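Asks: I have a structure here, written as structure tokens, and I will follow up with some questions on it.
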Amino acid sequence: MIPIRLSRLLATTIGLLLIAPAAHAEVFKFEDDPFAGSTALTTPGRQIVGNERFIPDFDVLNDKFAFNRQAFGTANGIQLFNGSASDIPSGGVNFIVLDTFDFDGDFSNGNQLNAGQAATLIANAVTETGSGFFIYFNSGLNLPRLVFSTDLSTPTADLKVLARFTGLTGDAGQAIMPEISAKNIGAVPEPASWAMMLTGFGLVGAAARRRKPVLAMA
């Protein structure tokens, strides 16, 4: 049996660990089917669905994206690559932070990069089929955007723009790109996981209640 003081300390410590991150970081959750209510998946050719979430403040040191594994097909986790289009590996990644800001590589005609062009640059390198995410810097909007692709290896894959970083425009937006890492990505806890966690807390509390302190005799 766990001593009552130890069980209380354990429960308090776990509680603090769960609560503490919320005070210092924000988790941007994406839980729903990205193409819900859209005909993109049944329409021939590449479809790009907008109506993304606006994120005015993103702290690369603390904030995190959390995705529903089932809705986005990431049951095997997230494998991140951050770098230029020419260095993207052919496989083994499903989250790409694109540190390339021009589609044709000719800066003399001005920076140009939209969601479809960014997806094409990625598809030119990736040969392993599978859905995934990418963050790119949109030249027209002058800010980064987070996008989901049904297949990173296909230049005609349907895309859903999940978010735009409205507080990171211009040079600040481009400068933040190399700083985005795996620590900024997580998964939304599944209902079963929460149930097991709450059950565990209940068992600890029940054990504490059953063990009554022994009163010292005078």
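Each chain in the structure tokens gets a letter, A, B, ..., in the order shown, and its residues are numbered from 1; ligands are numbered from 1 in order too.
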Which neighbours of Thr127 in chain A fall inside 8 Å, counting only C-alpha atoms, when residues of the same chain fewer than 2 positions from it are skipped, and could you give them as a list in words?

Replies: Ser90, Gly91, Ala123, Asn124, Ala125, Thr129 and Ser153 of chain A

Asks: Selection from above, N, CA and C atoms, as a PDB file, in the first residue's frame, can you write it?

Replies:
```
ATOM      1  N   SER A  90      13.481  11.780 -49.457  1.00  0.00           N
ATOM      2  CA  SER A  90      12.452  11.144 -50.281  1.00  0.00           C
ATOM      3  C   SER A  90      11.398  10.413 -49.453  1.00  0.00           C
ATOM      4  N   GLY A  91      11.702  10.147 -48.203  1.00  0.00           N
ATOM      5  CA  GLY A  91      10.749   9.453 -47.343  1.00  0.00           C
ATOM      6  C   GLY A  91      11.105   9.616 -45.883  1.00  0.00           C
ATOM      7  N   ALA A 123       6.516  17.694 -53.293  1.00  0.00           N
ATOM      8  CA  ALA A 123       6.242  16.478 -54.071  1.00  0.00           C
ATOM      9  C   ALA A 123       7.378  16.142 -55.023  1.00  0.00           C
ATOM     10  N   ASN A 124       8.117  17.140 -55.461  1.00  0.00           N
ATOM     11  CA  ASN A 124       9.265  16.890 -56.341  1.00  0.00           C
ATOM     12  C   ASN A 124      10.371  16.124 -55.624  1.00  0.00           C
ATOM     13  N   ALA A 125      10.373  16.172 -54.296  1.00  0.00           N
ATOM     14  CA  ALA A 125      11.412  15.497 -53.518  1.00  0.00           C
ATOM     15  C   ALA A 125      10.918  14.214 -52.858  1.00  0.00           C
ATOM     16  N   THR A 129       4.619   7.653 -50.461  1.00  0.00           N
ATOM     17  CA  THR A 129       3.239   8.128 -50.401  1.00  0.00           C
ATOM     18  C   THR A 129       2.763   8.233 -48.959  1.00  0.00           C
ATOM     19  N   SER A 153       3.637  13.270 -51.571  1.00  0.00           N
ATOM     20  CA  SER A 153       4.424  12.867 -52.739  1.00  0.00           C
ATOM     21  C   SER A 153       3.734  13.158 -54.062  1.00  0.00           C
TER      22      SER A 153
END
```

Asks: Might you pull out every residue within 8 Å of range 52-68 of chain A, with only C-alpha atoms counted and same-chain residues fewer than 5 positions away left off, and present them as a VMD selection string?

Replies: chain A and resid 24 to 32 74 161 to 168 176 179 to 180 183 to 190

Asks: CA of Ala118 in chain A and CA of Phe148 in chain A, how far apart in Å?

Replies: 11.7 Å

Asks: Counting only C-alpha atoms, which of A:Thr169, A:Asn138, A:Gln70, A:Ser131 gets nearest to Leu152 in chain A?

Replies: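 When distances to Leu152 in chain A are compared using only C-alpha atoms, the smallest one comes from A:Ser131.
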
Asks: Looking only at the backbone, which of the residues in range 43-103 of chain A does DSSP tag as alpha helix (DSSP H), as an MDAnalysis selection string?

Replies: chainID A and resid 69:72

Asks: Export, as a tab-separated table (two decimals), in the first residue's frame, the selected residues with C-alpha atoms.

Replies:
```tsv
chain	number	residue	atom	x	y	z
A	69	ARG	CA	-4.29	11.14	-34.97
A	70	GLN	CA	-7.38	9.50	-36.43
A	71	ALA	CA	-8.62	12.54	-38.36
A	72	PHE	CA	-5.21	13.27	-39.89
```

Asks: Set the distance at 7 Å and use only C-alpha atoms: which residues neighbour Val147 in chain A once local chain neighbours fewer than 5 positions away are removed? I'd like the list as JSON, numbers by chain.

Replies: {"A": [133, 134, 135, 159, 160, 161, 162]}

Asks: Rounded to one decimal, what separation in Å do you get between CA of Thr43 in chain A and CA of Thr120 in chain A?

Replies: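 Result for CA of Thr43 in chain A versus CA of Thr120 in chain A: 18.9 Å, one decimal.
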
Asks: Quick check for you: according to DSSP on this backbone, which residues of range 49-155 of chain A are classed as strand (DSSP E)? Reply as a ChimeraX atom specification.

Replies: /A:49,53-55,64-67,80-83,95-98,132-138,143-149

Asks: Please dump the current selection as a compact mmCIF listing (two decimals), in the first residue's frame; keep N, CA and C atoms.

Replies:
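Heads up, here's the output in part.txt:
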```txt
# COMPACT_ATOMS: atom_id res chain seq x y z
N VAL A 49 -8.45 23.94 -49.96
CA VAL A 49 -9.52 24.44 -49.10
C VAL A 49 -8.94 25.43 -48.09
N ARG A 53 -7.68 28.78 -39.71
CA ARG A 53 -7.65 29.42 -38.39
C ARG A 53 -6.57 30.51 -38.38
N PHE A 54 -6.89 31.65 -37.80
CA PHE A 54 -5.92 32.73 -37.68
C PHE A 54 -5.24 32.63 -36.31
N ILE A 55 -3.92 32.59 -36.31
CA ILE A 55 -3.15 32.53 -35.07
C ILE A 55 -2.35 33.83 -34.95
N LYS A 64 2.54 24.85 -29.15
CA LYS A 64 2.53 23.55 -29.81
C LYS A 64 1.25 23.38 -30.64
N PHE A 65 1.40 22.63 -31.75
CA PHE A 65 0.25 22.18 -32.53
C PHE A 65 -0.08 20.76 -32.07
N ALA A 66 -1.36 20.47 -31.93
CA ALA A 66 -1.78 19.12 -31.54
C ALA A 66 -2.83 18.64 -32.54
N PHE A 67 -2.60 17.46 -33.10
CA PHE A 67 -3.47 16.93 -34.14
C PHE A 67 -4.17 15.66 -33.67
N LEU A 80 9.49 15.04 -38.46
CA LEU A 80 9.66 16.40 -38.99
C LEU A 80 10.96 16.59 -39.75
N PHE A 81 10.87 17.39 -40.81
CA PHE A 81 12.05 17.88 -41.52
C PHE A 81 11.93 19.38 -41.64
N ASN A 82 13.00 20.09 -41.33
CA ASN A 82 13.01 21.53 -41.46
C ASN A 82 14.22 21.92 -42.32
N GLY A 83 13.97 22.50 -43.47
CA GLY A 83 15.08 22.88 -44.35
C GLY A 83 14.60 23.30 -45.72
N PHE A 95 6.00 15.83 -41.80
CA PHE A 95 5.79 17.23 -41.43
C PHE A 95 7.01 18.00 -41.91
N ILE A 96 6.79 18.90 -42.86
CA ILE A 96 7.90 19.62 -43.48
C ILE A 96 7.76 21.11 -43.24
N VAL A 97 8.81 21.70 -42.69
CA VAL A 97 8.88 23.15 -42.57
C VAL A 97 9.77 23.62 -43.72
N LEU A 98 9.17 24.28 -44.68
CA LEU A 98 9.86 24.62 -45.92
C LEU A 98 10.60 25.95 -45.79
N GLY A 132 0.34 14.24 -44.87
CA GLY A 132 1.27 14.95 -44.00
C GLY A 132 0.99 16.44 -43.96
N PHE A 133 1.87 17.16 -43.30
CA PHE A 133 1.71 18.58 -43.09
C PHE A 133 2.92 19.34 -43.63
N PHE A 134 2.72 20.61 -43.91
CA PHE A 134 3.87 21.46 -44.18
C PHE A 134 3.55 22.90 -43.78
N ILE A 135 4.60 23.61 -43.43
CA ILE A 135 4.51 25.05 -43.16
C ILE A 135 5.37 25.74 -44.21
N TYR A 136 4.81 26.73 -44.86
CA TYR A 136 5.55 27.47 -45.88
C TYR A 136 5.28 28.96 -45.68
N PHE A 137 6.06 29.80 -46.33
CA PHE A 137 5.86 31.24 -46.24
C PHE A 137 5.17 31.72 -47.50
N ASN A 138 3.93 32.18 -47.34
CA ASN A 138 3.14 32.63 -48.47
C ASN A 138 3.57 34.05 -48.87
N LEU A 143 3.23 35.92 -44.90
CA LEU A 143 3.23 35.25 -43.60
C LEU A 143 3.26 33.74 -43.79
N PRO A 144 3.61 32.99 -42.74
CA PRO A 144 3.61 31.53 -42.81
C PRO A 144 2.20 30.96 -42.70
N ARG A 145 2.02 29.78 -43.31
CA ARG A 145 0.74 29.06 -43.20
C ARG A 145 1.03 27.58 -42.94
N LEU A 146 0.13 26.96 -42.19
CA LEU A 146 0.19 25.53 -41.90
C LEU A 146 -0.82 24.82 -42.80
N VAL A 147 -0.36 23.79 -43.51
CA VAL A 147 -1.21 23.11 -44.50
C VAL A 147 -1.17 21.59 -44.30
N PHE A 148 -2.31 20.95 -44.52
CA PHE A 148 -2.40 19.49 -44.52
C PHE A 148 -2.56 19.01 -45.95
N SER A 149 -1.80 17.97 -46.31
CA SER A 149 -1.87 17.40 -47.66
C SER A 149 -2.30 15.94 -47.57
```
